[in-house]
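Asks: What follows is coords_15.csv, made up of CSV, C-alpha atoms:
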```csv
chain,number,residue,atom,x,y,z
A,1,MET,CA,4.9,21.5,9.6
A,2,ALA,CA,7.0,18.4,9.5
A,3,ASP,CA,5.7,17.1,6.1
A,4,ASP,CA,6.1,20.6,4.6
A,5,ALA,CA,9.7,20.7,5.8
A,6,LEU,CA,10.4,17.3,4.3
A,7,HIS,CA,8.9,18.3,1.0
A,8,ALA,CA,11.0,21.5,1.0
A,9,ARG,CA,14.2,19.5,1.6
A,10,PHE,CA,13.2,17.1,-1.2
A,11,THR,CA,12.6,19.9,-3.6
A,12,ALA,CA,15.9,21.5,-2.8
A,13,LEU,CA,17.7,18.3,-3.4
A,14,LEU,CA,16.0,17.9,-6.8
A,15,GLN,CA,17.0,21.4,-7.8
A,16,SER,CA,20.7,20.6,-7.1
A,17,LEU,CA,20.8,17.5,-9.3
A,18,PRO,CA,21.9,17.6,-13.0
A,19,PRO,CA,19.1,17.1,-15.5
A,20,PRO,CA,18.3,13.4,-16.0
A,21,SER,CA,18.2,11.8,-19.4
A,22,SER,CA,14.5,10.8,-19.0
A,23,PRO,CA,13.0,13.7,-17.0
A,24,SER,CA,9.8,13.3,-15.2
A,25,PRO,CA,6.9,15.5,-16.5
A,26,ARG,CA,6.0,16.0,-12.8
A,27,THR,CA,9.4,16.6,-11.4
A,28,PRO,CA,11.7,17.5,-14.4
A,29,GLN,CA,14.8,17.5,-12.2
A,30,TYR,CA,14.1,13.9,-11.4
A,31,SER,CA,14.1,10.8,-13.6
A,32,THR,CA,10.6,9.7,-14.6
A,33,HIS,CA,11.5,6.1,-13.5
A,34,SER,CA,12.2,7.4,-10.0
A,35,ASN,CA,8.9,9.3,-9.7
A,36,ASN,CA,6.4,6.8,-8.4
A,37,ALA,CA,3.4,8.9,-9.6
A,38,ASP,CA,4.9,8.5,-13.1
A,39,ASN,CA,5.5,4.9,-12.6
A,40,ILE,CA,2.0,4.1,-11.5
A,41,GLU,CA,0.6,6.1,-14.4
A,42,ARG,CA,2.7,4.0,-16.8
A,43,TYR,CA,1.4,0.8,-15.1
A,44,LEU,CA,-2.2,1.9,-15.6
A,45,HIS,CA,-1.5,2.4,-19.3
A,46,GLU,CA,0.3,-0.9,-19.6
A,47,ASP,CA,-2.7,-2.7,-18.1
A,48,SER,CA,-5.4,-0.5,-19.8
A,49,HIS,CA,-6.7,0.3,-16.3
A,50,THR,CA,-8.1,3.5,-14.8
A,51,LYS,CA,-8.1,2.6,-11.1
A,52,TRP,CA,-5.2,1.7,-8.9
A,53,GLY,CA,-4.4,1.1,-5.2
A,54,PHE,CA,-4.6,-1.7,-2.8
A,55,ILE,CA,-8.1,-2.6,-1.5
A,56,ILE,CA,-8.5,-2.5,2.3
A,57,TYR,CA,-10.1,-5.1,4.5
A,58,ARG,CA,-11.5,-3.8,7.7
A,59,CYS,CA,-11.0,-6.6,10.3
A,60,THR,CA,-11.8,-4.6,13.5
A,61,TYR,CA,-15.2,-3.1,14.3
A,62,ALA,CA,-15.0,-2.0,18.0
A,63,SER,CA,-15.2,1.7,17.1
A,64,ASP,CA,-16.4,3.4,14.0
A,65,ALA,CA,-14.9,6.7,15.3
A,66,ASP,CA,-11.4,5.0,15.5
A,67,TRP,CA,-11.9,3.6,12.0
A,68,ALA,CA,-12.7,7.1,10.7
A,69,VAL,CA,-9.5,8.4,12.3
A,70,PHE,CA,-7.5,5.6,10.7
A,71,MET,CA,-8.9,6.3,7.2
A,72,ASP,CA,-8.3,10.1,7.6
A,73,ARG,CA,-4.7,9.4,8.5
A,74,LEU,CA,-4.2,7.0,5.6
A,75,ARG,CA,-5.6,9.5,3.1
A,76,TYR,CA,-3.4,12.2,4.5
A,77,ARG,CA,-0.2,10.1,4.3
A,78,THR,CA,-1.0,9.0,0.8
A,79,SER,CA,-1.8,12.5,-0.4
A,80,SER,CA,1.4,13.8,1.1
A,81,ALA,CA,3.4,11.1,-0.6
A,82,LEU,CA,1.8,11.9,-3.9
A,83,GLU,CA,2.5,15.6,-3.4
A,84,THR,CA,6.2,14.8,-2.9
A,85,TYR,CA,6.2,13.5,-6.5
A,86,ASN,CA,4.0,16.4,-7.7
A,87,GLY,CA,1.4,13.7,-8.4
A,88,LEU,CA,-1.8,14.8,-6.8
A,89,ASP,CA,-3.5,14.4,-10.1
A,90,MET,CA,-3.3,10.6,-9.5
A,91,LEU,CA,-5.7,10.9,-6.6
A,92,ASP,CA,-8.7,10.8,-8.9
A,93,SER,CA,-7.9,7.3,-10.0
A,94,LEU,CA,-7.2,6.2,-6.3
A,95,LEU,CA,-9.8,7.8,-4.1
A,96,PRO,CA,-12.1,6.8,-2.7
A,97,PHE,CA,-10.2,3.9,-1.3
A,98,THR,CA,-11.9,0.5,-1.9
A,99,VAL,CA,-12.8,-0.8,1.6
A,100,ILE,CA,-14.3,-4.2,2.2
A,101,GLU,CA,-16.4,-4.0,5.3
A,102,ASP,CA,-18.5,-6.9,6.7
A,103,ARG,CA,-18.5,-7.3,10.5
A,104,GLN,CA,-19.9,-10.9,10.4
A,105,ALA,CA,-17.4,-12.1,7.8
A,106,PHE,CA,-14.2,-10.1,8.8
A,107,ASP,CA,-14.3,-9.1,12.4
A,108,ASN,CA,-11.0,-10.5,13.8
A,109,ALA,CA,-10.4,-12.3,10.5
A,110,THR,CA,-7.0,-13.8,9.8
A,111,ALA,CA,-4.8,-13.1,6.8
A,112,ALA,CA,-5.9,-16.5,5.4
A,113,THR,CA,-9.6,-15.6,5.6
A,114,VAL,CA,-8.8,-12.3,3.9
A,115,ARG,CA,-6.8,-14.0,1.2
A,116,ASP,CA,-9.6,-16.4,0.4
A,117,HIS,CA,-12.1,-13.6,-0.1
A,118,PHE,CA,-9.6,-11.5,-2.0
A,119,LYS,CA,-9.1,-14.3,-4.5
A,120,ARG,CA,-12.8,-14.5,-5.1
A,121,TRP,CA,-13.0,-10.7,-5.5
A,122,VAL,CA,-10.2,-10.6,-8.0
A,123,ALA,CA,-12.0,-13.1,-10.2
A,124,SER,CA,-14.5,-10.5,-11.4
A,125,ALA,CA,-13.2,-7.1,-10.1
A,126,PRO,CA,-11.1,-6.0,-13.2
A,127,GLN,CA,-14.2,-6.3,-15.5
A,128,GLU,CA,-16.4,-4.6,-12.9
A,129,GLU,CA,-14.3,-1.6,-12.1
A,130,GLN,CA,-11.9,-1.2,-15.1
A,131,SER,CA,-13.6,-2.2,-18.3
A,132,GLN,CA,-15.7,-5.2,-19.6
A,133,ASN,CA,-12.7,-6.7,-21.4
A,134,ALA,CA,-10.1,-5.9,-18.7
A,135,SER,CA,-7.9,-8.6,-17.1
A,136,ALA,CA,-5.9,-8.4,-13.8
A,137,GLY,CA,-2.6,-8.3,-15.8
A,138,LEU,CA,0.3,-7.4,-13.5
A,139,SER,CA,-1.7,-4.9,-11.5
A,140,GLN,CA,-0.6,-4.8,-7.9
A,141,ARG,CA,-4.2,-4.0,-7.1
A,142,TYR,CA,-5.2,-7.6,-7.8
A,143,ARG,CA,-2.1,-9.3,-6.4
A,144,TYR,CA,-2.0,-7.8,-2.9
A,145,CYS,CA,-4.4,-6.3,-0.4
A,146,VAL,CA,-4.3,-4.4,2.9
A,147,GLN,CA,-5.6,-6.0,6.1
A,148,VAL,CA,-6.4,-3.7,9.1
A,149,ASP,CA,-6.9,-5.7,12.2
A,150,LYS,CA,-7.1,-4.4,15.8
A,151,MET,CA,-3.3,-4.3,16.2
A,152,ALA,CA,-2.7,-2.4,13.0
A,153,LEU,CA,-5.5,0.1,13.8
A,154,GLU,CA,-4.0,0.7,17.2
A,155,ALA,CA,-0.5,1.1,15.7
A,156,VAL,CA,-1.7,3.9,13.4
A,157,ILE,CA,-4.1,5.9,15.7
A,158,ARG,CA,-2.5,5.3,19.1
A,159,ASP,CA,1.3,4.5,18.6
A,160,ALA,CA,2.2,6.6,15.6
A,161,PRO,CA,2.4,10.4,15.8
A,162,ALA,CA,-0.6,12.1,14.3
A,163,PRO,CA,-0.1,13.9,11.0
A,164,PRO,CA,1.5,16.2,10.0
A,165,ALA,CA,4.3,14.8,12.2
A,166,VAL,CA,6.5,12.3,10.4
A,167,ASP,CA,6.3,8.7,11.6
A,168,ALA,CA,10.1,8.3,11.3
A,169,SER,CA,10.2,5.2,13.5
A,170,ARG,CA,7.5,3.4,11.6
A,171,LYS,CA,5.1,3.1,14.5
A,172,GLY,CA,2.1,3.0,12.3
A,173,TRP,CA,1.7,0.0,10.0
A,174,VAL,CA,-0.8,-2.2,8.2
A,175,ASN,CA,-0.7,-5.8,7.1
A,176,LEU,CA,-0.1,-6.5,3.4
A,177,VAL,CA,-1.4,-9.9,2.2
A,178,TRP,CA,-0.1,-11.7,-0.8
A,179,ARG,CA,-2.8,-13.3,-2.9
A,180,ASP,CA,-0.7,-16.1,-4.4
A,181,TRP,CA,1.1,-17.3,-1.3
A,182,VAL,CA,0.5,-21.0,-0.6
A,183,PRO,CA,1.4,-22.9,2.6
A,184,ILE,CA,4.6,-24.9,2.6
A,185,ASP,CA,5.2,-28.1,4.4
A,186,GLU,CA,7.9,-26.8,6.7
A,187,GLU,CA,8.2,-23.4,8.4
A,188,GLY,CA,11.4,-21.5,8.4
A,189,GLU,CA,14.0,-23.2,10.5
A,190,GLY,CA,13.8,-22.1,14.1
A,191,GLU,CA,10.8,-19.8,13.5
A,192,GLU,CA,7.4,-20.1,15.1
A,193,PRO,CA,4.4,-20.0,12.7
A,194,LEU,CA,2.5,-16.8,12.3
A,195,GLU,CA,-1.1,-17.7,11.6
A,196,GLY,CA,0.3,-20.9,10.2
A,197,ASN,CA,2.7,-19.2,7.7
A,198,VAL,CA,5.9,-17.3,7.4
A,199,GLU,CA,5.7,-15.4,4.1
A,200,GLY,CA,2.0,-14.9,3.3
A,201,TRP,CA,1.8,-11.4,4.8
A,202,MET,CA,4.0,-8.7,6.2
A,203,ARG,CA,3.7,-5.4,8.1
A,204,VAL,CA,4.2,-2.3,6.0
A,205,ALA,CA,4.5,1.3,7.2
A,206,TYR,CA,1.2,2.9,6.5
A,207,GLN,CA,2.7,6.1,5.3
A,208,SER,CA,4.3,4.3,2.3
A,209,VAL,CA,2.0,1.4,1.6
A,210,MET,CA,-0.4,3.0,-0.8
A,211,LEU,CA,2.2,4.6,-3.1
A,212,ASP,CA,5.8,3.6,-2.8
A,213,MET,CA,5.2,0.0,-1.8
A,214,TYR,CA,2.5,-0.2,-4.4
A,215,ALA,CA,4.9,0.9,-7.1
A,216,LEU,CA,7.7,-1.3,-5.8
A,217,LEU,CA,5.6,-4.5,-6.0
A,218,ARG,CA,5.1,-4.2,-9.8
A,219,ASP,CA,8.2,-6.4,-10.0
A,220,LEU,CA,7.1,-10.0,-9.4
A,221,ASN,CA,10.3,-10.6,-7.4
A,222,SER,CA,9.9,-7.6,-5.1
A,223,TRP,CA,7.8,-9.5,-2.5
A,224,PHE,CA,10.8,-11.8,-1.8
A,225,ILE,CA,13.2,-9.0,-1.7
A,226,GLU,CA,11.2,-6.7,0.6
A,227,TYR,CA,9.6,-9.4,2.9
A,228,ARG,CA,10.5,-9.1,6.6
A,229,ARG,CA,9.1,-11.4,9.2
A,230,PRO,CA,6.6,-9.6,11.6
A,231,PRO,CA,6.9,-7.9,13.9
A,232,GLU,CA,9.5,-6.0,11.7
A,233,VAL,CA,7.9,-3.2,9.7
A,234,VAL,CA,8.9,-2.7,6.1
A,235,CYS,CA,9.0,0.8,4.6
A,236,ALA,CA,9.4,1.2,0.8
```
Represent the structure of the file as structure tokens.

Replies:
Amino acid sequence: MADDALHARFTALLQSLPPPSSPSPRTPQYSTHSNNADNIERYLHEDSHTKWGFIIYRCTYASDADWAVFMDRLRYRTSSALETYNGLDMLDSLLPFTVIEDRQAFDNATAATVRDHFKRWVASAPQEEQSQNASAGLSQRYRYCVQVDKMALEAVIRDAPAPPAVDASRKGWVNLVWRDWVPIDEEGEGEEPLEGNVEGWMRVAYQSVMLDMYALLRDLNSWFIEYRRPPEVVCA
């Protein structure tokens, strides 16, 4: 299978490298700082958290069956990514995904609507799902969220190849919404507004959003580095 072949090539590459100075406990031939399962585990310890991962806003309700296919594919891609880092032990602190579902509130909702709700959710979520004295800290879970609208759903279940085939051309994507974005007075020169903004959300390949993009966005500057204006799709 395609993902198995990719994993085999990755493993062979690791075995050919000299031992790193700070080896990963999961992939000893690889630096721990280049293993995103290790990185996320460190972030959990730094924040005194036990749960990680972007929460997901369901913004399309035409078909529950299609939604189930989407979630199955997202779980598969995320598990496969963790397996690449020998990090399947991290699934227990990720699954089940936190999905916000409310047809009345979020059917066809914009990124701005999602952002407003996300801000309210973040106000109490760390204490409710981590510990009574927890704060959001630098956790990516409380700074960004995933929005799945009709276009994103169709991209994943219709346009992208079904697992285990690799989505090399990034046909499948989701919207990633930045909590702290605020409107600016002037849009980018020569650019048409997207839902009234340029930088408040971006499309991210669904196969990398829950692991590699999550780890990458620990750095507060990473959003500005990684951001690409839709319809371009970012892959961490």

Asks: Could you pull out every residue with an atom within 12 Å of (-12.9, -9.6, -4.8), file coordinates, counting all atoms listed in the file, and send them as a PyMOL selection string?

Replies: chain A and resi 54-57+98-100+114-129+136+141-145+179

Asks: Under the rule that all atoms listed in the file are counted, which of A:Tyr214, A:Tyr30, A:Tyr206, A:Tyr76 is the nearest residue to A:Asp167?

Replies: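 The closest residue to A:Asp167 is A:Tyr206.
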
Asks: Go ahead and compute the interatomic distance for atom CA of A:Lys150 and atom CA of A:Asp92, in Å to one decimal.

Replies: 29.0 Å

Asks: So the first atom is atom CA of A:Leu220 and the second is atom CA of A:Val174; what is the distance between them in Å, to one decimal place?

Replies: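 Between these atoms lies a distance of 20.8 Å.
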
Asks: Between atom CA of A:Arg228 and atom CA of A:Asp180, what is the distance, to one decimal in Å?

Replies: 17.2 Å

Asks: Distance cut-off 7 Å, centre (4.4, -6.3, 11.8) in file coordinates, counting only C-alpha atoms: which residues qualify? Return them as an MDAnalysis selection string.

Replies: chainID A and resid 175 202:203 230:233

Asks: May I have the residues within 10 Å of A:Val209 as a PDB file with C-alpha atoms, in the coordinates of the input, using all atoms listed in the file and disregarding those fewer than 5 positions away in the same chain?

Replies:
```pdb
ATOM      1  CA  GLY A  53      -4.400   1.100  -5.200  1.00  0.00           C
ATOM      2  CA  PHE A  54      -4.600  -1.700  -2.800  1.00  0.00           C
ATOM      3  CA  LEU A  74      -4.200   7.000   5.600  1.00  0.00           C
ATOM      4  CA  ARG A  77      -0.200  10.100   4.300  1.00  0.00           C
ATOM      5  CA  THR A  78      -1.000   9.000   0.800  1.00  0.00           C
ATOM      6  CA  VAL A 146      -4.300  -4.400   2.900  1.00  0.00           C
ATOM      7  CA  TRP A 173       1.700   0.000  10.000  1.00  0.00           C
ATOM      8  CA  VAL A 174      -0.800  -2.200   8.200  1.00  0.00           C
ATOM      9  CA  ASN A 175      -0.700  -5.800   7.100  1.00  0.00           C
ATOM     10  CA  LEU A 176      -0.100  -6.500   3.400  1.00  0.00           C
ATOM     11  CA  ARG A 203       3.700  -5.400   8.100  1.00  0.00           C
ATOM     12  CA  VAL A 204       4.200  -2.300   6.000  1.00  0.00           C
ATOM     13  CA  TYR A 214       2.500  -0.200  -4.400  1.00  0.00           C
ATOM     14  CA  ALA A 215       4.900   0.900  -7.100  1.00  0.00           C
ATOM     15  CA  LEU A 216       7.700  -1.300  -5.800  1.00  0.00           C
ATOM     16  CA  VAL A 234       8.900  -2.700   6.100  1.00  0.00           C
ATOM     17  CA  CYS A 235       9.000   0.800   4.600  1.00  0.00           C
ATOM     18  CA  ALA A 236       9.400   1.200   0.800  1.00  0.00           C
TER      19      ALA A 236
END
```

Asks: When you count all atoms listed in the file, which of these residues is closest to A:Ala160: A:Phe70, A:Gln29, A:Trp223, A:Tyr85?

Replies: A:Phe70

Asks: Using all atoms listed in the file, which of A:Arg229, A:Ala65, A:Asp47, A:Phe97 sits nearest A:Ser135?

Replies: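 Ranked by minimum distance to A:Ser135, first place goes to A:Asp47.
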
Asks: I'd like the contact shell of A:Leu82 - 9 Å cut-off, only C-alpha atoms, skipping same-chain residues fewer than 4 positions apart - returned as a list in words.

Replies: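 The contact residues come out as Asn36, Ala37, Arg77, Thr78, Asn86, Gly87, Leu88, Asp89, Met90, Leu91 and Leu211 of chain A.
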
Asks: Of the candidates A:Gln207, A:Ser21, A:Asn35, A:Asn221, which shows the shortest atom-to-atom distance to A:Met71, using only C-alpha atoms?

Replies: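 Closest to A:Met71 of all the choices is A:Gln207.
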